[in-house]
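Asker: Below is the file model_14.cif, with mmCIF, N, CA and C atoms.
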data_model
loop_
_atom_site.label_atom_id
_atom_site.label_comp_id
_atom_site.auth_asym_id
_atom_site.auth_seq_id
_atom_site.Cartn_x
_atom_site.Cartn_y
_atom_site.Cartn_z
N MET A 1 125.04 74.30 174.45
CA MET A 1 123.83 75.03 174.10
C MET A 1 124.09 75.77 172.79
N SER A 2 123.17 75.69 171.87
CA SER A 2 123.36 76.35 170.59
C SER A 2 122.88 77.80 170.68
N LEU A 3 123.33 78.59 169.73
CA LEU A 3 122.96 79.99 169.70
C LEU A 3 121.46 80.15 169.48
N PHE A 4 120.85 79.21 168.77
CA PHE A 4 119.43 79.31 168.51
C PHE A 4 118.62 79.19 169.80
N ASN A 5 119.17 78.54 170.81
CA ASN A 5 118.51 78.46 172.11
C ASN A 5 118.84 79.66 172.98
N SER A 6 120.01 80.27 172.75
CA SER A 6 120.45 81.33 173.66
C SER A 6 120.23 82.73 173.13
N LEU A 7 120.17 82.93 171.81
CA LEU A 7 119.89 84.25 171.27
C LEU A 7 118.43 84.29 170.82
N ILE A 8 117.72 85.23 171.34
CA ILE A 8 116.30 85.34 171.05
C ILE A 8 116.02 86.73 170.49
N GLN A 9 115.33 86.81 169.37
CA GLN A 9 114.99 88.10 168.80
C GLN A 9 113.99 88.79 169.70
N SER A 10 114.18 90.10 169.87
CA SER A 10 113.29 90.81 170.78
C SER A 10 113.00 92.23 170.30
N ARG A 11 111.81 92.68 170.58
CA ARG A 11 111.38 94.06 170.45
C ARG A 11 111.85 94.76 169.18
N VAL A 12 111.59 94.20 168.02
CA VAL A 12 111.91 94.86 166.76
C VAL A 12 110.61 95.16 166.04
N ARG A 13 110.43 96.40 165.69
CA ARG A 13 109.23 96.77 164.94
C ARG A 13 109.48 96.54 163.46
N HIS A 14 108.45 96.17 162.73
CA HIS A 14 108.57 95.86 161.31
C HIS A 14 107.80 96.88 160.48
N ALA A 15 108.34 97.19 159.30
CA ALA A 15 107.62 98.01 158.34
C ALA A 15 107.03 97.08 157.30
N ASP A 16 105.72 96.98 157.26
CA ASP A 16 105.06 96.04 156.38
C ASP A 16 104.66 96.66 155.05
N ARG A 17 104.45 97.97 154.99
CA ARG A 17 103.97 98.60 153.76
C ARG A 17 104.88 99.74 153.36
N MET A 18 104.83 100.10 152.09
CA MET A 18 105.65 101.19 151.55
C MET A 18 104.81 102.47 151.57
N ASP A 19 104.59 103.05 152.74
CA ASP A 19 103.82 104.28 152.84
C ASP A 19 104.34 105.10 154.01
N ASP A 20 103.68 106.23 154.27
CA ASP A 20 104.15 107.15 155.29
C ASP A 20 103.95 106.65 156.72
N GLU A 21 103.23 105.55 156.90
CA GLU A 21 103.03 105.02 158.24
C GLU A 21 104.33 104.45 158.82
N ARG A 22 105.34 104.26 157.99
CA ARG A 22 106.60 103.68 158.46
C ARG A 22 107.48 104.68 159.18
N LEU A 23 107.18 105.95 159.14
CA LEU A 23 108.03 106.94 159.78
C LEU A 23 108.18 106.59 161.26
N GLY A 24 109.40 106.59 161.73
CA GLY A 24 109.67 106.26 163.12
C GLY A 24 109.81 104.77 163.38
N GLN A 25 109.69 103.93 162.34
CA GLN A 25 109.82 102.50 162.52
C GLN A 25 111.14 102.01 161.94
N ALA A 26 111.48 100.79 162.23
CA ALA A 26 112.70 100.18 161.72
C ALA A 26 112.35 98.84 161.10
N VAL A 27 113.22 98.38 160.21
CA VAL A 27 113.05 97.11 159.54
C VAL A 27 114.07 96.13 160.10
N LYS A 28 113.63 94.92 160.40
CA LYS A 28 114.56 93.89 160.86
C LYS A 28 115.34 93.39 159.65
N PRO A 29 116.68 93.49 159.68
CA PRO A 29 117.46 93.04 158.52
C PRO A 29 117.56 91.52 158.47
N TYR A 30 117.80 91.01 157.26
CA TYR A 30 118.04 89.58 157.10
C TYR A 30 119.36 89.26 157.77
N HIS A 31 119.40 88.17 158.52
CA HIS A 31 120.64 87.80 159.21
C HIS A 31 120.75 86.29 159.29
N GLU A 32 121.98 85.82 159.47
CA GLU A 32 122.28 84.39 159.60
C GLU A 32 123.18 84.21 160.81
N ILE A 33 123.00 83.09 161.51
CA ILE A 33 123.82 82.77 162.68
C ILE A 33 124.40 81.38 162.49
N VAL A 34 125.72 81.28 162.65
CA VAL A 34 126.41 80.00 162.54
C VAL A 34 127.10 79.72 163.87
N ASP A 35 126.85 78.52 164.40
CA ASP A 35 127.44 78.10 165.68
C ASP A 35 128.70 77.29 165.39
N SER A 36 129.85 77.76 165.88
CA SER A 36 131.09 77.00 165.74
C SER A 36 131.60 76.63 167.13
N LYS A 37 132.74 75.99 167.18
CA LYS A 37 133.27 75.48 168.45
C LYS A 37 133.54 76.61 169.46
N ASP A 38 134.18 77.70 169.00
CA ASP A 38 134.60 78.75 169.91
C ASP A 38 133.74 80.00 169.91
N ASP A 39 132.93 80.18 168.86
CA ASP A 39 132.14 81.40 168.80
C ASP A 39 130.90 81.22 167.93
N TYR A 40 130.09 82.26 167.92
CA TYR A 40 128.95 82.35 167.04
C TYR A 40 129.30 83.39 165.98
N GLU A 41 129.02 83.09 164.73
CA GLU A 41 129.26 84.02 163.65
C GLU A 41 127.92 84.57 163.18
N LEU A 42 127.73 85.87 163.34
CA LEU A 42 126.50 86.54 162.95
C LEU A 42 126.78 87.34 161.69
N THR A 43 125.99 87.13 160.64
CA THR A 43 126.09 87.89 159.41
C THR A 43 124.78 88.64 159.23
N VAL A 44 124.89 89.97 159.10
CA VAL A 44 123.71 90.82 158.97
C VAL A 44 123.83 91.60 157.67
N TYR A 45 122.79 91.57 156.85
CA TYR A 45 122.80 92.26 155.56
C TYR A 45 122.15 93.63 155.72
N LEU A 46 122.96 94.69 155.54
CA LEU A 46 122.53 96.06 155.75
C LEU A 46 122.80 96.90 154.50
N PRO A 47 122.04 96.74 153.43
CA PRO A 47 122.32 97.48 152.20
C PRO A 47 122.21 99.00 152.41
N GLY A 48 123.22 99.72 151.91
CA GLY A 48 123.22 101.18 151.98
C GLY A 48 123.72 101.75 153.28
N VAL A 49 124.09 100.91 154.25
CA VAL A 49 124.56 101.39 155.55
C VAL A 49 126.09 101.50 155.52
N SER A 50 126.61 102.65 155.95
CA SER A 50 128.06 102.83 156.06
C SER A 50 128.47 102.73 157.53
N LYS A 51 129.77 102.73 157.78
CA LYS A 51 130.26 102.62 159.16
C LYS A 51 129.76 103.77 160.02
N GLY A 52 129.62 104.96 159.42
CA GLY A 52 129.14 106.12 160.17
C GLY A 52 127.68 106.00 160.57
N GLY A 53 126.90 105.22 159.85
CA GLY A 53 125.48 105.06 160.16
C GLY A 53 125.16 103.79 160.92
N LEU A 54 126.21 103.14 161.46
CA LEU A 54 126.03 101.87 162.16
C LEU A 54 126.32 102.02 163.64
N GLN A 55 125.47 101.45 164.46
CA GLN A 55 125.66 101.49 165.91
C GLN A 55 125.42 100.09 166.47
N ILE A 56 126.43 99.55 167.16
CA ILE A 56 126.32 98.23 167.77
C ILE A 56 126.55 98.40 169.27
N THR A 57 125.61 97.90 170.06
CA THR A 57 125.76 97.97 171.51
C THR A 57 125.54 96.58 172.10
N ALA A 58 126.30 96.29 173.13
CA ALA A 58 126.18 95.02 173.85
C ALA A 58 126.19 95.36 175.34
N GLU A 59 125.05 95.21 175.95
CA GLU A 59 124.98 95.43 177.38
C GLU A 59 123.99 94.46 178.00
N ASN A 60 124.25 94.14 179.25
CA ASN A 60 123.48 93.14 179.97
C ASN A 60 123.45 91.86 179.15
N ASN A 61 122.32 91.43 178.72
CA ASN A 61 122.25 90.20 177.92
C ASN A 61 121.63 90.47 176.55
N GLU A 62 121.94 91.64 175.96
CA GLU A 62 121.36 92.00 174.67
C GLU A 62 122.42 92.58 173.73
N LEU A 63 122.36 92.15 172.48
CA LEU A 63 123.17 92.72 171.40
C LEU A 63 122.21 93.45 170.48
N ARG A 64 122.44 94.75 170.27
CA ARG A 64 121.55 95.56 169.44
C ARG A 64 122.35 96.18 168.31
N ILE A 65 121.84 96.01 167.09
CA ILE A 65 122.47 96.57 165.89
C ILE A 65 121.46 97.50 165.23
N VAL A 66 121.85 98.77 165.06
CA VAL A 66 121.01 99.76 164.42
C VAL A 66 121.81 100.36 163.27
N GLY A 67 121.22 100.36 162.07
CA GLY A 67 121.90 100.90 160.90
C GLY A 67 120.99 101.85 160.14
N GLN A 68 121.53 103.01 159.79
CA GLN A 68 120.79 104.01 159.03
C GLN A 68 121.40 104.08 157.63
N PRO A 69 120.61 103.78 156.59
CA PRO A 69 121.14 103.90 155.23
C PRO A 69 121.65 105.30 154.96
N ALA A 70 122.79 105.40 154.27
CA ALA A 70 123.46 106.68 154.06
C ALA A 70 122.93 107.43 152.83
N TRP A 71 122.46 106.71 151.83
CA TRP A 71 122.06 107.36 150.59
C TRP A 71 120.67 107.95 150.72
N LYS A 72 120.55 109.17 150.29
CA LYS A 72 119.25 109.84 150.27
C LYS A 72 118.93 110.24 148.84
N ARG A 73 117.68 110.08 148.45
CA ARG A 73 117.23 110.44 147.11
C ARG A 73 117.24 111.95 146.98
N PRO A 74 117.85 112.48 145.92
CA PRO A 74 117.81 113.94 145.69
C PRO A 74 116.38 114.44 145.54
N ASP A 75 116.13 115.66 145.97
CA ASP A 75 114.78 116.21 145.96
C ASP A 75 114.17 116.30 144.56
N ASN A 76 115.00 116.53 143.54
CA ASN A 76 114.46 116.71 142.20
C ASN A 76 114.25 115.38 141.46
N TRP A 77 114.54 114.26 142.08
CA TRP A 77 114.32 112.94 141.46
C TRP A 77 112.91 112.46 141.75
N VAL A 78 112.34 111.76 140.79
CA VAL A 78 111.02 111.15 140.96
C VAL A 78 111.22 109.64 141.02
N THR A 79 110.67 109.01 142.05
CA THR A 79 110.82 107.57 142.23
C THR A 79 109.82 106.84 141.34
N LEU A 80 110.33 106.01 140.44
CA LEU A 80 109.47 105.18 139.59
C LEU A 80 109.23 103.83 140.22
N TYR A 81 110.25 103.29 140.85
CA TYR A 81 110.14 101.99 141.51
C TYR A 81 111.13 101.97 142.66
N ASN A 82 110.70 101.56 143.83
CA ASN A 82 111.56 101.52 145.00
C ASN A 82 111.61 100.09 145.51
N GLU A 83 112.76 99.45 145.39
CA GLU A 83 112.90 98.06 145.78
C GLU A 83 113.18 97.90 147.26
N SER A 84 113.78 98.89 147.88
CA SER A 84 114.10 98.78 149.30
C SER A 84 113.56 99.98 150.06
N ALA A 85 113.31 99.77 151.32
CA ALA A 85 112.76 100.83 152.16
C ALA A 85 113.86 101.81 152.57
N GLU A 86 113.49 103.06 152.74
CA GLU A 86 114.44 104.07 153.19
C GLU A 86 114.25 104.32 154.69
N VAL A 87 114.18 103.26 155.44
CA VAL A 87 114.02 103.34 156.89
C VAL A 87 115.22 102.66 157.54
N PRO A 88 115.49 102.96 158.79
CA PRO A 88 116.62 102.32 159.46
C PRO A 88 116.39 100.83 159.71
N PHE A 89 117.49 100.13 159.89
CA PHE A 89 117.47 98.72 160.25
C PHE A 89 117.68 98.62 161.75
N GLU A 90 117.02 97.63 162.36
CA GLU A 90 117.23 97.39 163.79
C GLU A 90 117.10 95.90 164.07
N LEU A 91 118.11 95.36 164.75
CA LEU A 91 118.10 93.95 165.14
C LEU A 91 118.51 93.87 166.60
N ALA A 92 117.68 93.25 167.41
CA ALA A 92 117.98 93.06 168.84
C ALA A 92 117.98 91.58 169.13
N LEU A 93 119.09 91.09 169.68
CA LEU A 93 119.24 89.68 170.02
C LEU A 93 119.58 89.57 171.50
N GLU A 94 118.83 88.75 172.20
CA GLU A 94 119.11 88.50 173.61
C GLU A 94 119.85 87.18 173.74
N HIS A 95 120.74 87.10 174.72
CA HIS A 95 121.45 85.85 175.00
C HIS A 95 121.47 85.63 176.51
N ASP A 96 121.74 84.42 176.91
CA ASP A 96 121.75 84.08 178.33
C ASP A 96 123.17 84.09 178.89
N HIS A 97 123.89 85.17 178.64
CA HIS A 97 125.27 85.36 179.09
C HIS A 97 126.20 84.28 178.53
N SER A 98 125.87 83.74 177.36
CA SER A 98 126.73 82.75 176.72
C SER A 98 127.76 83.41 175.82
N VAL A 99 127.72 84.73 175.67
CA VAL A 99 128.63 85.48 174.82
C VAL A 99 129.55 86.33 175.70
N ASP A 100 130.84 86.30 175.40
CA ASP A 100 131.82 87.14 176.09
C ASP A 100 131.81 88.51 175.41
N ILE A 101 131.08 89.47 175.98
CA ILE A 101 130.88 90.76 175.30
C ILE A 101 132.16 91.58 175.20
N GLU A 102 133.16 91.28 176.01
CA GLU A 102 134.42 92.02 175.96
C GLU A 102 135.23 91.67 174.71
N LYS A 103 134.96 90.55 174.07
CA LYS A 103 135.76 90.09 172.94
C LYS A 103 134.99 90.11 171.61
N ILE A 104 133.84 90.78 171.56
CA ILE A 104 133.06 90.85 170.32
C ILE A 104 133.83 91.67 169.29
N HIS A 105 133.84 91.16 168.04
CA HIS A 105 134.53 91.84 166.95
C HIS A 105 133.56 91.97 165.77
N ALA A 106 133.52 93.17 165.15
CA ALA A 106 132.60 93.39 164.03
C ALA A 106 133.34 94.02 162.86
N GLU A 107 132.91 93.65 161.64
CA GLU A 107 133.49 94.21 160.42
C GLU A 107 132.37 94.43 159.41
N LEU A 108 132.34 95.64 158.82
CA LEU A 108 131.34 95.99 157.81
C LEU A 108 132.04 96.19 156.48
N ARG A 109 131.57 95.45 155.47
CA ARG A 109 132.15 95.60 154.13
C ARG A 109 131.04 95.39 153.11
N ASP A 110 130.85 96.38 152.24
CA ASP A 110 129.88 96.31 151.14
C ASP A 110 128.46 95.99 151.62
N GLY A 111 128.06 96.57 152.75
CA GLY A 111 126.71 96.36 153.25
C GLY A 111 126.48 95.07 153.99
N VAL A 112 127.56 94.30 154.22
CA VAL A 112 127.45 93.04 154.95
C VAL A 112 128.24 93.18 156.26
N LEU A 113 127.55 93.05 157.36
CA LEU A 113 128.18 93.13 158.68
C LEU A 113 128.44 91.73 159.19
N ARG A 114 129.68 91.47 159.56
CA ARG A 114 130.06 90.18 160.15
C ARG A 114 130.49 90.44 161.59
N VAL A 115 129.80 89.77 162.51
CA VAL A 115 130.08 89.95 163.94
C VAL A 115 130.49 88.61 164.50
N SER A 116 131.65 88.59 165.16
CA SER A 116 132.13 87.40 165.85
C SER A 116 131.75 87.54 167.32
N LEU A 117 130.98 86.58 167.81
CA LEU A 117 130.51 86.58 169.19
C LEU A 117 131.17 85.41 169.92
N PRO A 118 132.33 85.64 170.55
CA PRO A 118 133.02 84.54 171.24
C PRO A 118 132.19 83.99 172.39
N LYS A 119 132.21 82.67 172.50
CA LYS A 119 131.50 82.02 173.60
C LYS A 119 132.25 82.26 174.90
N SER A 120 131.50 82.41 175.97
CA SER A 120 132.14 82.58 177.28
C SER A 120 132.76 81.24 177.70
N GLU A 121 133.77 81.32 178.52
CA GLU A 121 134.49 80.12 178.96
C GLU A 121 133.57 79.13 179.68
N ALA A 122 132.53 79.64 180.32
CA ALA A 122 131.64 78.77 181.10
C ALA A 122 130.87 77.78 180.23
N ILE A 123 130.61 78.11 178.97
CA ILE A 123 129.81 77.20 178.14
C ILE A 123 130.65 76.42 177.13
N ARG A 124 131.94 76.72 177.04
CA ARG A 124 132.79 75.97 176.10
C ARG A 124 133.00 74.55 176.60
N PRO A 125 133.02 73.59 175.69
CA PRO A 125 133.26 72.20 176.10
C PRO A 125 134.69 72.06 176.65
N ARG A 126 134.83 71.25 177.66
CA ARG A 126 136.14 71.02 178.27
C ARG A 126 136.45 69.53 178.27
N LYS A 127 137.71 69.22 178.10
CA LYS A 127 138.16 67.84 178.20
C LYS A 127 138.62 67.61 179.63
N ILE A 128 138.09 66.59 180.24
CA ILE A 128 138.39 66.31 181.65
C ILE A 128 139.27 65.07 181.72
N ALA A 129 140.42 65.24 182.36
CA ALA A 129 141.35 64.14 182.52
C ALA A 129 140.90 63.24 183.67
N VAL A 130 140.98 61.95 183.46
CA VAL A 130 140.61 60.98 184.49
C VAL A 130 141.89 60.51 185.16
N SER A 131 141.91 60.55 186.49
CA SER A 131 143.12 60.12 187.21
C SER A 131 142.95 58.75 187.82
#
As structure tokens - that is how I would like this structure written.

Answerer:
Amino acid sequence: MSLFNSLIQSRVRHADRMDDERLGQAVKPYHEIVDSKDDYELTVYLPGVSKGGLQITAENNELRIVGQPAWKRPDNWVTLYNESAEVPFELALEHDHSVDIEKIHAELRDGVLRVSLPKSEAIRPRKIAVS
């Protein structure tokens, strides 16, 4: 079973406009998923997020990534053009217990989060000897 069948995006609110209506909302970050033999490799792009502003939880059958950008605009600065939103990122992925949550490993470097999601032994292909 591929990750595209087992991980399903869920319950993420989107900020569609650059105005005050976004307060309290989160933006779904751009992410990529690669299926390999032993694990799924998840890459999430979180510009401006530091390790202190990142929270990753894995419980039941859901992986949730929440990131709060660390940089704040000084009060005396006037924004002429804003290319990115100053709202938190939130990504929720559901899986059908195909991920071994005890062995998940994550690394954040330069705003790019790489998460290794090892496949559980139950779904890994096995070679069966014929007697």

Asker: Which residue is closest to A:Ala70? Choose from A:Glu32, A:Lys103, A:Ala58, A:Val49 and count only N, CA and C atoms.

Answerer: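 The answer is A:Val49, which sits nearest to A:Ala70.
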
Asker: Give me every strand (DSSP E) residue in stretch 20-123 of chain A, going by DSSP on the backbone, as a PyMOL selection string.

Answerer: chain A and resi 31-35+39-45+49-59+62-69+89-94+105-109+112-118

Asker: Any idea what the distance is between atom CA of A:Tyr45 and atom CA of A:Ile101?

Answerer: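 Between atom CA of A:Tyr45 and atom CA of A:Ile101 the gap works out to 21.4 Å.
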
Asker: For the atom pair atom CA of A:Ser36 and atom CA of A:His97, what is the interatomic distance in Å to one decimal place?

Answerer: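 Going from atom CA of A:Ser36 over to atom CA of A:His97 covers 16.8 Å.
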
Asker: Take atom CA of A:Phe89 and atom CA of A:Ser120 and report the distance between them in Å, one decimal.

Answerer: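 Straight-line distance from atom CA of A:Phe89 to atom CA of A:Ser120 works out to 27.7 Å.
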
Asker: Can you spell out as a PyMOL selection string the set of residues that the PyMOL selection byres ((chain A and resi 98) around 6.5) selects in the structure I just provided?

Answerer: chain A and resi 95-97+99-100+118-120+123

Asker: Stretch 16-104 of chain A: which residues are helix (DSSP H, G or I) by DSSP, as JSON, numbers by chain?

Answerer: {"A": [20, 21, 22, 101, 102, 103]}

Asker: How would you write, as JSON, numbers by chain, the residues chosen by the PyMOL selection byres (((chain A and resi 42 and name CA) around 6) and name CA) on this structure?

Answerer: {"A": [32, 33, 41, 43, 114, 115]}

Asker: So what does the PyMOL selection byres (((chain A and resi 90 and name CA) around 8) and name CA) actually pick up in this one, as a PyMOL selection string?

Answerer: chain A and resi 12+26-29+64-67+88-89+91-92
